[in-house]
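S.K.: Pasting coords27.cif below, which is mmCIF, C-alpha atoms and all ligand atoms.
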data_input
loop_
_atom_site.label_atom_id
_atom_site.label_comp_id
_atom_site.auth_asym_id
_atom_site.auth_seq_id
_atom_site.Cartn_x
_atom_site.Cartn_y
_atom_site.Cartn_z
CA MET E 295 61.97 26.23 27.90
CA VAL E 296 59.20 27.02 30.37
CA LYS E 297 59.15 25.73 33.93
CA ALA E 298 56.30 26.32 36.35
CA ILE E 299 56.57 26.27 40.13
CA VAL E 300 53.18 25.70 41.68
CA GLY E 301 51.61 24.48 44.91
CA ALA E 302 50.33 20.93 45.43
CA ASN E 303 48.16 21.84 48.40
CA TRP E 304 46.59 24.81 50.19
CA GLY E 305 49.37 27.33 49.49
CA ASP E 306 52.31 28.36 51.69
CA GLU E 307 54.19 25.25 50.59
CA GLY E 308 57.47 27.15 50.34
CA LYS E 309 57.21 28.01 46.63
CA GLY E 310 59.00 31.32 47.22
CA LYS E 311 62.16 29.63 48.37
CA ILE E 312 62.20 27.15 45.48
CA THR E 313 61.49 29.93 42.98
CA ASP E 314 64.22 32.10 44.46
CA LEU E 315 66.61 29.19 44.11
CA LEU E 316 65.66 28.22 40.55
CA ALA E 317 65.44 31.84 39.43
CA GLU E 318 69.24 31.93 39.61
CA THR E 319 69.42 30.00 36.33
CA SER E 320 66.42 31.64 34.60
CA ASP E 321 66.21 34.55 32.19
CA ILE E 322 62.62 35.50 32.98
CA VAL E 323 60.34 35.05 36.02
CA VAL E 324 56.60 35.54 35.56
CA ARG E 325 53.64 35.94 37.91
CA PHE E 326 50.59 34.67 36.03
CA GLN E 327 47.68 34.65 38.51
CA GLY E 328 46.47 35.91 41.88
CA GLY E 329 47.23 39.19 43.51
CA ALA E 330 48.57 40.60 46.73
CA ASN E 331 46.40 38.20 48.78
CA ALA E 332 49.22 35.74 49.41
CA GLY E 333 52.89 36.14 49.99
CA HIS E 334 56.11 34.35 49.28
CA THR E 335 58.71 34.53 51.98
CA ILE E 336 62.19 34.91 50.55
CA ILE E 337 65.29 35.01 52.69
CA ASN E 338 68.52 35.98 50.96
CA ASP E 339 71.63 38.10 51.44
CA TYR E 340 69.57 41.33 51.36
CA GLY E 341 67.26 40.24 54.18
CA ARG E 342 63.83 38.65 54.69
CA PHE E 343 61.11 39.74 52.27
CA ALA E 344 57.43 38.96 51.88
CA LEU E 345 56.68 39.45 48.18
CA HIS E 346 53.00 39.77 47.34
CA THR E 347 52.96 41.15 43.82
CA LEU E 348 56.52 41.29 42.53
CA PRO E 349 57.91 38.15 40.89
CA SER E 350 60.64 36.34 42.86
CA GLY E 351 63.32 37.15 40.29
CA VAL E 352 63.55 40.76 41.46
CA PHE E 353 66.66 40.01 43.50
CA TYR E 354 68.70 39.12 40.41
CA SER E 355 69.94 41.75 38.00
CA HIS E 356 70.08 39.31 35.05
CA ILE E 357 66.37 38.49 35.24
CA THR E 358 63.44 40.17 33.54
CA ASN E 359 60.39 39.97 35.79
CA VAL E 360 56.92 39.95 34.29
CA ILE E 361 53.58 40.67 35.92
CA GLY E 362 51.31 38.85 33.50
CA ASN E 363 47.78 39.69 32.41
CA GLY E 364 46.34 37.01 34.74
CA VAL E 365 47.42 38.94 37.84
CA ALA E 366 45.16 41.23 39.87
CA LEU E 367 47.31 44.35 39.92
CA ASP E 368 47.02 46.54 43.00
CA ILE E 369 49.27 49.46 42.05
CA ARG E 370 49.47 50.82 45.58
CA LYS E 371 50.77 47.55 46.97
CA LEU E 372 53.14 47.15 44.05
CA THR E 373 54.74 50.53 44.62
CA ASP E 374 55.06 49.85 48.39
CA GLU E 375 56.85 46.60 47.64
CA LEU E 376 59.19 48.20 45.13
CA THR E 377 60.07 50.86 47.71
CA SER E 378 60.78 48.31 50.45
CA LEU E 379 63.23 46.51 48.18
CA LEU E 380 65.04 49.66 47.17
CA ASP E 381 65.22 50.75 50.83
CA ALA E 382 66.91 47.43 51.68
CA GLY E 383 69.59 48.08 49.06
CA VAL E 384 68.26 45.74 46.34
CA PRO E 385 69.10 47.19 42.88
CA ALA E 386 66.08 48.42 40.84
CA PRO E 387 64.57 45.32 39.19
CA ASN E 388 63.92 44.77 35.48
CA LEU E 389 60.15 44.63 35.40
CA ILE E 390 57.48 44.44 32.71
CA ILE E 391 53.87 45.00 33.75
CA SER E 392 51.55 43.60 31.11
CA GLU E 393 49.43 46.29 29.50
CA ARG E 394 46.64 43.70 29.44
CA ALA E 395 46.69 43.14 33.21
CA GLN E 396 43.64 44.51 35.00
CA LEU E 397 43.62 46.90 37.92
CA LEU E 398 42.54 45.95 41.37
CA MET E 399 40.61 49.01 42.52
CA PRO E 400 39.95 50.43 45.99
CA TYR E 401 36.28 49.50 45.51
CA HIS E 402 37.27 45.84 45.16
CA VAL E 403 38.95 45.98 48.56
CA LEU E 404 35.87 47.67 50.06
CA GLN E 405 33.49 45.18 48.48
CA ASP E 406 35.56 42.27 49.79
CA ALA E 407 35.42 43.66 53.35
CA TYR E 408 31.70 44.51 53.14
CA GLU E 409 30.84 41.03 51.90
CA GLU E 410 32.85 39.29 54.65
CA GLU E 411 31.09 41.54 57.18
CA ARG E 412 27.70 40.63 55.72
CA LEU E 413 28.50 36.92 55.86
CA GLY E 414 29.47 37.18 59.54
CA GLY E 415 30.10 33.70 60.97
CA HIS E 416 29.92 32.21 57.46
CA ALA E 417 32.72 34.39 56.06
CA PHE E 418 35.33 32.79 53.78
CA GLY E 419 38.27 34.12 55.78
CA SER E 420 39.23 36.35 52.88
CA THR E 421 42.40 38.43 53.24
CA LYS E 422 40.13 41.34 52.17
CA SER E 423 42.52 42.26 49.38
CA GLY E 424 39.69 42.57 46.88
CA ILE E 425 40.56 39.44 44.91
CA ALA E 426 37.09 37.87 44.59
CA PRO E 427 35.36 41.12 43.48
CA PHE E 428 38.27 41.82 41.11
CA TYR E 429 37.97 38.49 39.26
CA SER E 430 34.16 38.66 39.32
CA ASP E 431 34.40 42.02 37.57
CA LYS E 432 36.85 40.64 35.02
CA TYR E 433 34.39 37.95 34.00
CA ALA E 434 31.46 40.38 34.21
CA LYS E 435 33.47 42.48 31.72
CA ILE E 436 33.68 45.59 33.88
CA GLY E 437 37.38 45.34 34.65
CA ILE E 438 39.87 48.06 33.72
CA GLN E 439 43.08 47.14 31.92
CA VAL E 440 46.44 48.81 32.46
CA CYS E 441 46.35 49.99 28.84
CA ASP E 442 43.11 51.90 29.57
CA LEU E 443 45.12 54.22 31.82
CA PHE E 444 46.72 55.66 28.71
CA ASP E 445 43.42 56.47 26.97
CA GLU E 446 41.67 58.94 29.25
CA ALA E 447 38.31 59.01 27.46
CA ARG E 448 38.09 55.23 27.52
CA LEU E 449 39.24 55.09 31.13
CA LYS E 450 36.58 57.59 32.19
CA GLU E 451 33.83 55.72 30.39
CA HIS E 452 34.81 52.31 31.81
CA LEU E 453 35.33 53.71 35.28
CA ASN E 454 31.98 55.51 35.36
CA HIS E 455 30.24 52.35 34.24
CA ALA E 456 31.90 50.20 36.95
CA VAL E 457 31.38 52.79 39.69
CA GLU E 458 27.70 53.13 38.83
CA ILE E 459 27.25 49.41 39.47
CA LYS E 460 29.35 49.49 42.66
CA ASN E 461 27.36 52.39 44.08
CA ILE E 462 24.07 50.59 43.59
CA LEU E 463 25.53 47.60 45.41
CA PHE E 464 27.24 49.56 48.16
CA GLU E 465 24.23 51.72 48.98
CA ASN E 466 21.48 49.16 48.71
CA MET E 467 23.05 45.89 49.70
CA TYR E 468 25.72 46.91 52.18
CA HIS E 469 24.32 50.31 53.32
CA LYS E 470 27.73 51.92 52.88
CA PRO E 471 28.80 55.29 51.42
CA ARG E 472 28.96 55.89 47.67
CA ILE E 473 32.31 56.18 45.96
CA ASP E 474 33.32 59.09 43.80
CA ALA E 475 34.31 58.20 40.23
CA ASP E 476 36.02 61.57 39.55
CA GLU E 477 38.24 61.25 42.61
CA LEU E 478 39.18 57.74 41.60
CA PHE E 479 39.91 58.90 38.06
CA GLN E 480 42.37 61.52 39.33
CA ASP E 481 44.05 58.93 41.62
CA LEU E 482 44.46 56.56 38.70
CA LEU E 483 46.15 59.23 36.62
CA LYS E 484 48.68 59.74 39.43
CA MET E 485 49.37 56.03 39.76
CA ARG E 486 49.69 55.72 36.01
CA GLU E 487 52.82 57.86 36.22
CA ILE E 488 54.38 55.54 38.81
CA ILE E 489 53.94 52.37 36.77
CA LYS E 490 54.44 53.94 33.33
CA PRO E 491 58.16 53.02 33.03
CA TYR E 492 57.34 49.35 33.52
CA VAL E 493 54.24 48.93 31.32
CA GLY E 494 54.81 46.88 28.18
CA ASP E 495 53.70 44.20 25.75
CA ALA E 496 54.35 41.11 27.85
CA VAL E 497 52.48 38.86 25.41
CA THR E 498 54.85 39.45 22.49
CA PHE E 499 57.85 39.58 24.84
CA LEU E 500 57.12 36.12 26.27
CA HIS E 501 56.27 34.47 22.96
CA GLN E 502 59.48 35.83 21.46
CA ALA E 503 61.41 34.64 24.51
CA VAL E 504 60.04 31.12 23.97
CA LYS E 505 61.14 31.26 20.31
CA ASP E 506 64.58 32.46 21.38
CA GLY E 507 64.94 29.50 23.73
CA LYS E 508 65.06 31.61 26.89
CA SER E 509 64.60 29.97 30.24
CA ILE E 510 61.27 31.11 31.67
CA LEU E 511 60.01 30.43 35.17
CA LEU E 512 56.30 30.74 35.95
CA GLU E 513 55.64 31.34 39.59
CA GLY E 514 52.32 30.18 40.97
CA GLN E 515 50.53 31.49 44.00
CA LEU E 516 48.55 29.40 46.50
CA GLY E 517 48.00 25.74 45.57
CA ALA E 518 45.86 23.19 43.75
CA MET E 519 43.26 22.96 46.57
CA LYS E 520 42.52 26.66 46.05
CA ASP E 521 41.72 26.42 42.33
CA PRO E 522 38.18 27.68 41.64
CA ASP E 523 37.45 24.71 39.34
CA LEU E 524 39.42 21.77 40.69
CA GLY E 525 39.95 22.87 44.29
CA ILE E 526 37.79 22.70 47.41
CA VAL E 527 34.86 24.78 46.15
CA PRO E 528 33.85 27.29 47.50
CA MET E 529 36.83 27.65 49.88
CA THR E 530 39.06 28.54 46.95
CA THR E 531 40.68 31.65 45.65
CA SER E 532 39.25 33.39 42.59
CA SER E 533 42.01 32.85 40.03
CA HIS E 534 43.33 29.56 38.69
CA THR E 535 46.22 28.24 40.72
CA LEU E 536 47.12 25.52 38.23
CA ALA E 537 50.20 25.51 36.01
CA GLY E 538 47.95 25.13 32.96
CA PHE E 539 46.60 28.62 33.51
CA GLY E 540 50.10 29.95 32.86
CA CYS E 541 49.26 29.56 29.15
CA VAL E 542 46.61 32.27 29.59
CA GLY E 543 47.78 34.36 32.52
CA ALA E 544 51.48 34.76 31.58
CA PRO E 545 50.94 33.86 28.67
CA VAL E 546 53.12 31.12 27.14
CA PRO E 547 52.12 28.57 24.49
CA PRO E 548 50.83 25.32 26.08
CA THR E 549 53.38 23.30 24.13
CA ALA E 550 56.27 25.24 25.67
CA MET E 551 55.73 24.07 29.25
CA GLU E 552 58.21 21.28 29.86
CA ASP E 553 58.62 21.10 33.60
CA VAL E 554 56.02 21.53 36.34
CA ILE E 555 57.56 21.55 39.80
CA CYS E 556 54.93 20.97 42.41
CA VAL E 557 55.91 22.20 45.87
CA SER E 558 54.60 20.45 48.96
CA LYS E 559 55.53 20.69 52.63
CA ALA E 560 56.59 17.60 54.58
CA TYR E 561 53.44 18.21 56.68
CA SER E 562 50.22 20.09 55.85
CA SER E 563 49.26 23.68 56.53
CA CYS E 564 46.18 25.61 55.56
CA VAL E 565 45.29 29.23 56.09
CA GLY E 566 41.73 30.46 55.77
CA SER E 567 38.39 29.67 57.28
CA LYS E 568 37.95 27.17 60.13
CA THR E 569 35.01 25.72 58.22
CA GLU E 570 37.17 24.47 55.35
CA PRO E 571 37.51 20.68 55.37
CA PHE E 572 41.11 19.84 56.35
CA VAL E 573 41.16 16.09 56.77
CA SER E 574 44.63 15.48 58.25
CA GLU E 575 44.44 18.38 60.72
CA LEU E 576 46.41 18.11 63.94
CA LEU E 577 44.62 19.84 66.81
CA GLY E 578 45.38 20.60 70.45
CA GLU E 579 48.82 20.65 72.02
CA ALA E 580 50.44 18.57 69.26
CA GLY E 581 49.10 20.96 66.62
CA ASP E 582 50.32 23.99 68.56
CA GLU E 583 53.80 22.52 68.75
CA LEU E 584 53.98 21.81 65.00
CA ARG E 585 52.64 25.32 64.27
CA ARG E 586 55.31 26.83 66.53
CA ARG E 587 58.10 24.83 64.93
CA GLY E 588 56.91 25.10 61.31
CA GLY E 589 58.37 27.21 58.50
CA ASP E 590 61.09 29.66 59.44
CA LYS E 591 59.13 31.52 62.12
CA GLY E 592 56.20 29.27 62.89
CA GLU E 593 53.16 28.71 60.68
CA PHE E 594 51.63 32.19 60.48
CA GLY E 595 50.33 33.81 57.27
CA ALA E 596 52.87 35.92 55.33
CA THR E 597 50.12 38.42 54.41
CA THR E 598 47.87 38.43 57.46
CA GLY E 599 49.99 36.98 60.31
CA ARG E 600 47.05 34.64 61.02
CA PRO E 601 47.94 31.25 62.57
CA ARG E 602 47.78 28.54 59.91
CA ARG E 603 45.99 25.28 60.64
CA VAL E 604 48.51 22.43 60.54
CA GLY E 605 48.25 18.70 60.00
CA TRP E 606 50.04 15.54 58.94
CA PHE E 607 51.13 15.06 55.34
CA ASP E 608 48.10 14.13 53.25
CA THR E 609 48.98 11.83 50.35
CA VAL E 610 45.37 11.73 49.06
CA ALA E 611 45.21 15.51 48.62
CA THR E 612 48.81 15.77 47.40
CA LYS E 613 48.50 12.98 44.82
CA TYR E 614 45.47 14.81 43.43
CA GLY E 615 47.25 18.18 43.63
CA CYS E 616 50.21 16.81 41.66
CA MET E 617 47.88 15.23 39.11
CA VAL E 618 45.87 18.36 38.36
CA GLN E 619 49.03 20.47 38.27
CA GLY E 620 50.53 18.00 35.78
CA ALA E 621 53.59 17.74 38.03
CA THR E 622 56.78 16.38 36.50
CA GLN E 623 58.50 16.49 39.89
CA VAL E 624 57.94 17.45 43.50
CA ALA E 625 59.94 19.73 45.78
CA LEU E 626 59.35 18.66 49.38
CA THR E 627 60.02 21.50 51.81
CA CYS E 628 60.35 21.80 55.58
CA LEU E 629 61.54 18.23 56.18
CA ASP E 630 63.77 19.65 58.95
CA VAL E 631 60.67 20.75 60.91
CA LEU E 632 59.69 17.14 61.70
CA GLY E 633 62.99 16.22 63.40
CA TYR E 634 61.51 16.50 66.92
CA LEU E 635 58.93 13.73 66.51
CA ASP E 636 59.25 10.13 67.77
CA GLU E 637 56.66 8.99 65.27
CA ILE E 638 55.16 10.69 62.24
CA GLN E 639 51.73 10.03 60.87
CA VAL E 640 50.84 10.27 57.21
CA CYS E 641 47.26 10.46 56.01
CA THR E 642 47.14 7.80 53.29
CA GLY E 643 43.42 7.35 52.81
CA TYR E 644 40.03 8.95 53.46
CA GLU E 645 37.20 7.02 54.99
CA ILE E 646 33.91 8.25 53.59
CA ASP E 647 30.66 6.58 54.63
CA GLY E 648 32.52 3.44 55.74
CA LYS E 649 34.61 3.12 52.56
CA VAL E 650 38.32 3.97 52.28
CA THR E 651 39.57 5.80 49.20
CA LYS E 652 42.92 7.13 48.02
CA ASP E 653 41.27 9.35 45.41
CA PHE E 654 40.50 12.93 46.40
CA PRO E 655 36.72 13.35 46.52
CA VAL E 656 34.44 16.20 45.44
CA PRO E 657 33.89 18.91 48.09
CA ALA E 658 30.45 17.58 49.09
CA LEU E 659 32.05 14.26 50.13
CA LEU E 660 35.24 15.77 51.49
CA GLU E 661 33.28 17.22 54.39
CA ARG E 662 32.52 13.69 55.58
CA ALA E 663 36.03 12.27 55.06
CA LYS E 664 37.93 10.91 58.06
CA PRO E 665 41.67 10.39 57.85
CA VAL E 666 43.25 6.94 57.67
CA PHE E 667 46.79 7.20 59.01
CA THR E 668 49.97 5.21 58.50
CA THR E 669 52.58 5.69 61.24
CA LEU E 670 56.26 5.99 60.38
CA PRO E 671 59.23 6.27 62.75
CA GLY E 672 60.79 9.72 63.24
CA TRP E 673 64.52 10.43 62.89
CA LYS E 674 64.89 12.45 66.08
CA SER E 675 67.69 14.67 64.90
CA ASP E 676 68.33 18.15 63.58
CA ILE E 677 68.81 17.98 59.80
CA ARG E 678 68.54 21.71 59.16
CA GLY E 679 70.92 22.92 56.49
CA ILE E 680 72.04 19.47 55.27
CA THR E 681 72.81 19.74 51.54
CA ASP E 682 73.71 16.13 50.72
CA TYR E 683 70.64 13.92 50.38
CA ASP E 684 72.61 10.78 51.24
CA ALA E 685 73.70 12.36 54.52
CA LEU E 686 70.09 12.48 55.78
CA PRO E 687 69.14 9.96 58.49
CA ALA E 688 67.77 6.65 57.16
CA ASN E 689 64.30 7.30 58.63
CA ALA E 690 64.11 10.72 56.97
CA LYS E 691 64.90 9.14 53.60
CA ALA E 692 62.40 6.35 54.28
CA TYR E 693 59.75 9.03 54.96
CA VAL E 694 60.48 10.69 51.61
CA ASP E 695 60.45 7.30 49.80
CA PHE E 696 57.09 6.46 51.38
CA ILE E 697 55.48 9.74 50.37
CA GLU E 698 56.86 9.51 46.84
CA LYS E 699 55.29 6.11 46.33
CA GLU E 700 51.91 7.29 47.64
CA ILE E 701 51.74 10.49 45.58
CA GLU E 702 52.98 8.76 42.42
CA THR E 703 55.28 11.64 41.48
CA PRO E 704 59.07 11.76 41.76
CA ILE E 705 60.42 13.90 44.62
CA ARG E 706 63.61 15.47 43.24
CA ILE E 707 64.20 18.35 45.65
CA VAL E 708 64.12 18.08 49.43
CA SER E 709 64.45 21.31 51.38
CA THR E 710 66.08 21.25 54.81
CA GLY E 711 65.77 24.85 55.93
CA PRO E 712 64.35 28.24 54.92
CA LYS E 713 67.56 29.66 53.45
CA ARG E 714 68.28 29.56 49.74
CA HIS E 715 70.97 26.88 49.77
CA GLU E 716 69.51 24.68 52.51
CA ILE E 717 68.46 22.14 49.97
CA THR E 718 69.26 18.58 48.83
CA LEU E 719 68.83 17.12 45.38
CA ARG E 720 67.60 13.58 45.20
CA GLY E 721 68.78 11.42 42.28
P1 LIG J 1 54.86 30.13 49.60
O1 LIG J 1 53.70 31.05 49.57
O2 LIG J 1 54.54 28.80 49.00
O3 LIG J 1 56.09 30.72 49.06
O4 LIG J 1 55.14 29.77 51.13
P2 LIG J 1 55.52 30.77 52.32
O5 LIG J 1 56.79 31.40 51.99
O6 LIG J 1 54.40 31.61 52.73
O7 LIG J 1 55.65 29.70 53.50
C1 LIG J 1 56.65 28.82 53.61
C2 LIG J 1 57.38 29.08 54.92
O8 LIG J 1 58.30 28.05 55.11
C3 LIG J 1 58.22 30.34 54.91
O9 LIG J 1 58.27 30.85 56.22
C4 LIG J 1 59.60 29.84 54.46
O10 LIG J 1 60.68 30.67 54.89
C5 LIG J 1 59.64 28.53 55.13
N1 LIG J 1 60.44 27.48 54.49
C6 LIG J 1 60.53 27.17 53.16
N2 LIG J 1 61.27 26.05 53.01
C7 LIG J 1 61.62 25.65 54.26
C8 LIG J 1 62.35 24.53 54.77
O11 LIG J 1 62.82 23.66 54.04
N3 LIG J 1 62.47 24.45 56.12
C9 LIG J 1 61.94 25.35 56.98
N4 LIG J 1 62.12 25.19 58.30
N5 LIG J 1 61.24 26.42 56.54
C10 LIG J 1 61.10 26.54 55.19
#
I need this file expressed as structure tokens, please.
Ligand code: GDP

M.R.:
Amino acid sequence: MVKAIVGANWGDEGKGKITDLLAETSDIVVRFQGGANAGHTIINDYGRFALHTLPSGVFYSHITNVIGNGVALDIRKLTDELTSLLDAGVPAPNLIISERAQLLMPYHVLQDAYEEERLGGHAFGSTKSGIAPFYSDKYAKIGIQVCDLFDEARLKEHLNHAVEIKNILFENMYHKPRIDADELFQDLLKMREIIKPYVGDAVTFLHQAVKDGKSILLEGQLGAMKDPDLGIVPMTTSSHTLAGFGCVGAPVPPTAMEDVICVSKAYSSCVGSKTEPFVSELLGEAGDELRRRGGDKGEFGATTGRPRRVGWFDTVATKYGCMVQGATQVALTCLDVLGYLDEIQVCTGYEIDGKVTKDFPVPALLERAKPVFTTLPGWKSDIRGITDYDALPANAKAYVDFIEKEIETPIRIVSTGPKRHEITLRG
């Protein structure tokens, strides 16, 4: 049985916490897309961790963790993360790195930074982790797979070919120094030794696990708005953030995916460029206060520390996010954060050129959308850590009921704090 945990919105919805919680009852946890450009925050008995590449099941000894072929694998970052876990006393995880995964190279990171520099004021707000150049190279067929590391002649040939193209670009377009393919080749051989114990055939492993009836959790990164096809183009990421891509990036058979848990915060947050349309944004003093109170340590990026833009819950974007994810249920996180407000606004429609819609528009129209708000009463109390849904204040439950109706997807999990067991299950 395959379950996916994915984001309904712009990312940072609190997927890490929900994955950490549901991992407890899983046999396998899989990362199927993205790279080290986003982070899950996980707080458990070992401490507080920002995982960027490792799957969230690494804290459990009974779980096999898989880095699927859809992931952009930055070996340096992976080894740093492994070390930080071991240093904190976490036992060595069971990990399979797909031999079909491709390597995120130092030249991808450089290219990402050079391109953002070239774009200046029009930059995308990239984390400069090399993700866009990495996926461009995959589709341009100049990527290097993990399995290539074990065939030196093939590695050399593929590397020389890619570096030749990069050097033309770096010298002529960005006016930056050339890179040395031989040096890179030697580095790769060293890193090969570090990951060697973990490299395996994840494709056969996962298909066999499905046949054996194992419980498999796919862990998504970022959210539906960041999907390069169905998200807010071009302010997206470069890999598919939708559960459906798990069939390719993990991979699992499409027919095996039974449950898609879409995570959404009880308000909105969005990290990235200021130029990205963010219809329900809350600015000024009120925005600063929500940002300060949000998440477990304020709304600041887990990877970059950048302040996240915040806003009211957006039912138009979230209904769409749940639809394209194929959500079977929603986990609503950070409800506790809103306890200080007298009144809470919810964006329930977009006004575009004088017409109000509840359907999420194409990016060209989104830029002109103005929020239509519905105001609900707050509950003015601290609900952090409550674990019984019925014990929540009536106005908090009414808020959840209202959102559920608007997004047309059942909300089954409501999170009341950042810690693993600060959670309520709703009938
Ligand atoms: P992810 O990328 O979707 O895993 O999201 P992040 O982990 O980057 O961001 C979510 C933030 O919210 C983190 O700081 C979490 O610790 C925190 N968080 C998750 N659930 C809750 C919750 O129910 N209440 C509060 N106050 N914080 C939460």

S.K.: Which neighbours of stretch 356-365 of chain E fall inside 10 Å, counting only C-alpha atoms, when residues of the same chain fewer than 6 positions from it are skipped, and could you give them as a PyMOL selection string?

M.R.: chain E and resi 317-330+347-350+387-398+425+429+439-440+492-497+499-500+510-512+533-534+539-545

S.K.: Would you kindly return, as a ChimeraX atom specification, each protein, DNA or RNA residue with an atom no farther than 12 Å from any atom of E:Gln639, considering only C-alpha atoms and excluding same-chain residues fewer than 6 positions away?

M.R.: /E:560-562,574-576,605-609,632,665-672,693,696-697

S.K.: If you count all atoms listed in the file, which residues fall within 9 Å of stretch 443-458 of chain E, apart from same-chain ones fewer than 6 positions away, as a short mmCIF file (atom, residue, chain, number, x, y, z; two decimals) with C-alpha atoms, keeping the file's coordinate frame?

M.R.:
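Wrote part_9.cif, looks like this:
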data_model
loop_
_atom_site.label_atom_id
_atom_site.label_comp_id
_atom_site.auth_asym_id
_atom_site.auth_seq_id
_atom_site.Cartn_x
_atom_site.Cartn_y
_atom_site.Cartn_z
CA TYR E 401 36.28 49.50 45.51
CA ASP E 431 34.40 42.02 37.57
CA ILE E 436 33.68 45.59 33.88
CA GLY E 437 37.38 45.34 34.65
CA ARG E 472 28.96 55.89 47.67
CA ILE E 473 32.31 56.18 45.96
CA ASP E 474 33.32 59.09 43.80
CA ALA E 475 34.31 58.20 40.23
CA ASP E 476 36.02 61.57 39.55
CA LEU E 478 39.18 57.74 41.60
CA PHE E 479 39.91 58.90 38.06
CA LEU E 482 44.46 56.56 38.70
CA LEU E 483 46.15 59.23 36.62
CA ARG E 486 49.69 55.72 36.01
#

S.K.: Please check which protein, DNA or RNA residues sit within 9 Å of ligand LIG 1 (chain J), counting only C-alpha atoms and all ligand atoms, and write them as a PyMOL selection string.

M.R.: chain E and resi 300-301+304-313+332-337+342+344-345+514-517+557-560+587-597+626-631+678-679+708-714+716-717

S.K.: Name the closest residue to E:Leu463 among the candidates E:Cys441, E:Val384, E:Leu404, E:Met551; distances are taken between atoms, counting only C-alpha atoms.

M.R.: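 That would be E:Leu404, the residue with the smallest distance to E:Leu463.
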
S.K.: Atom CA of E:Ile555 and atom CA of E:Gly620 are how many Å apart?

M.R.: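 Rounded to one decimal, the two atoms are 8.8 Å apart.
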
S.K.: Rank E:Glu570, E:Asp506, E:Asp636, E:Asp374 by their smallest atom-to-atom distance to E:Ala417, using only C-alpha atoms, and report the top residue only.

M.R.: E:Glu570

S.K.: Which residues are near E:Cys564? Cut-off 7 Å, all atoms listed in the file, ignore same chain within fewer than 5 positions. Put them as a compact mmCIF listing (two decimals) with C-alpha atoms, in the frame of the given file.

M.R.:
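The file below, around27.txt, is the result:
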# COMPACT_ATOMS: atom_id res chain seq x y z
CA TRP E 304 46.59 24.81 50.19
CA ARG E 602 47.78 28.54 59.91
CA ARG E 603 45.99 25.28 60.64
CA VAL E 604 48.51 22.43 60.54

S.K.: From the options E:Phe343, E:Tyr354, E:Glu637, E:Ile680, which residue's atoms come nearest to E:Glu375, counting only C-alpha atoms?

M.R.: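 Ranking E:Phe343, E:Tyr354, E:Glu637, E:Ile680 by distance to E:Glu375, first place goes to E:Phe343.
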
S.K.: Using only C-alpha atoms for the distances, tell me which of E:Leu367, E:Val554, E:Ala537, E:Val352 is nearest to E:Asn331.

M.R.: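 Among E:Leu367, E:Val554, E:Ala537, E:Val352, it is E:Leu367 that comes nearest to E:Asn331.
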
S.K.: What is the atom CA of E:Lys297 to atom CA of E:Pro548 distance in Å?

M.R.: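 Atom-to-atom, atom CA of E:Lys297 and atom CA of E:Pro548 are spaced 11.4 Å apart.
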
S.K.: Which is closer to E:Ser567 than all the others in E:Thr681, E:Thr718, E:Ser532, E:Ser420, using all atoms listed in the file?

M.R.: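 Checking each of E:Thr681, E:Thr718, E:Ser532, E:Ser420 against E:Ser567, counting all atoms listed in the file, the winner is E:Ser420.
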
S.K.: Do you have the atom CA of E:Leu584-atom CA of E:Ser563 distance handy?

M.R.: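 Atom-to-atom, atom CA of E:Leu584 to atom CA of E:Ser563, that is 9.9 Å.
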
S.K.: Can you tell me, as number ranges by chain, what residues are no more than 7 Å from E:Asp521 when counting only C-alpha atoms, ignoring any on the same chain fewer than 2 positions away?

M.R.: E: 518-519, 523-525, 530-531, 533-536

S.K.: Starting from 3 Å padding per side, set up an axis-aligned box that covers all listed atoms of stretch 368-374 of chain E and hand over centre and edge lengths in Å, one decimal, as lines of an AutoDock Vina configuration file.

M.R.:
center_x = 51.0
center_y = 48.7
center_z = 45.2
size_x = 14.0
size_y = 10.3
size_z = 12.3

S.K.: Which residue, E:Arg720, E:Lys649, E:Lys568, E:Arg412, has the smallest gap to E:Met467 when you use all atoms listed in the file?

M.R.: E:Arg412
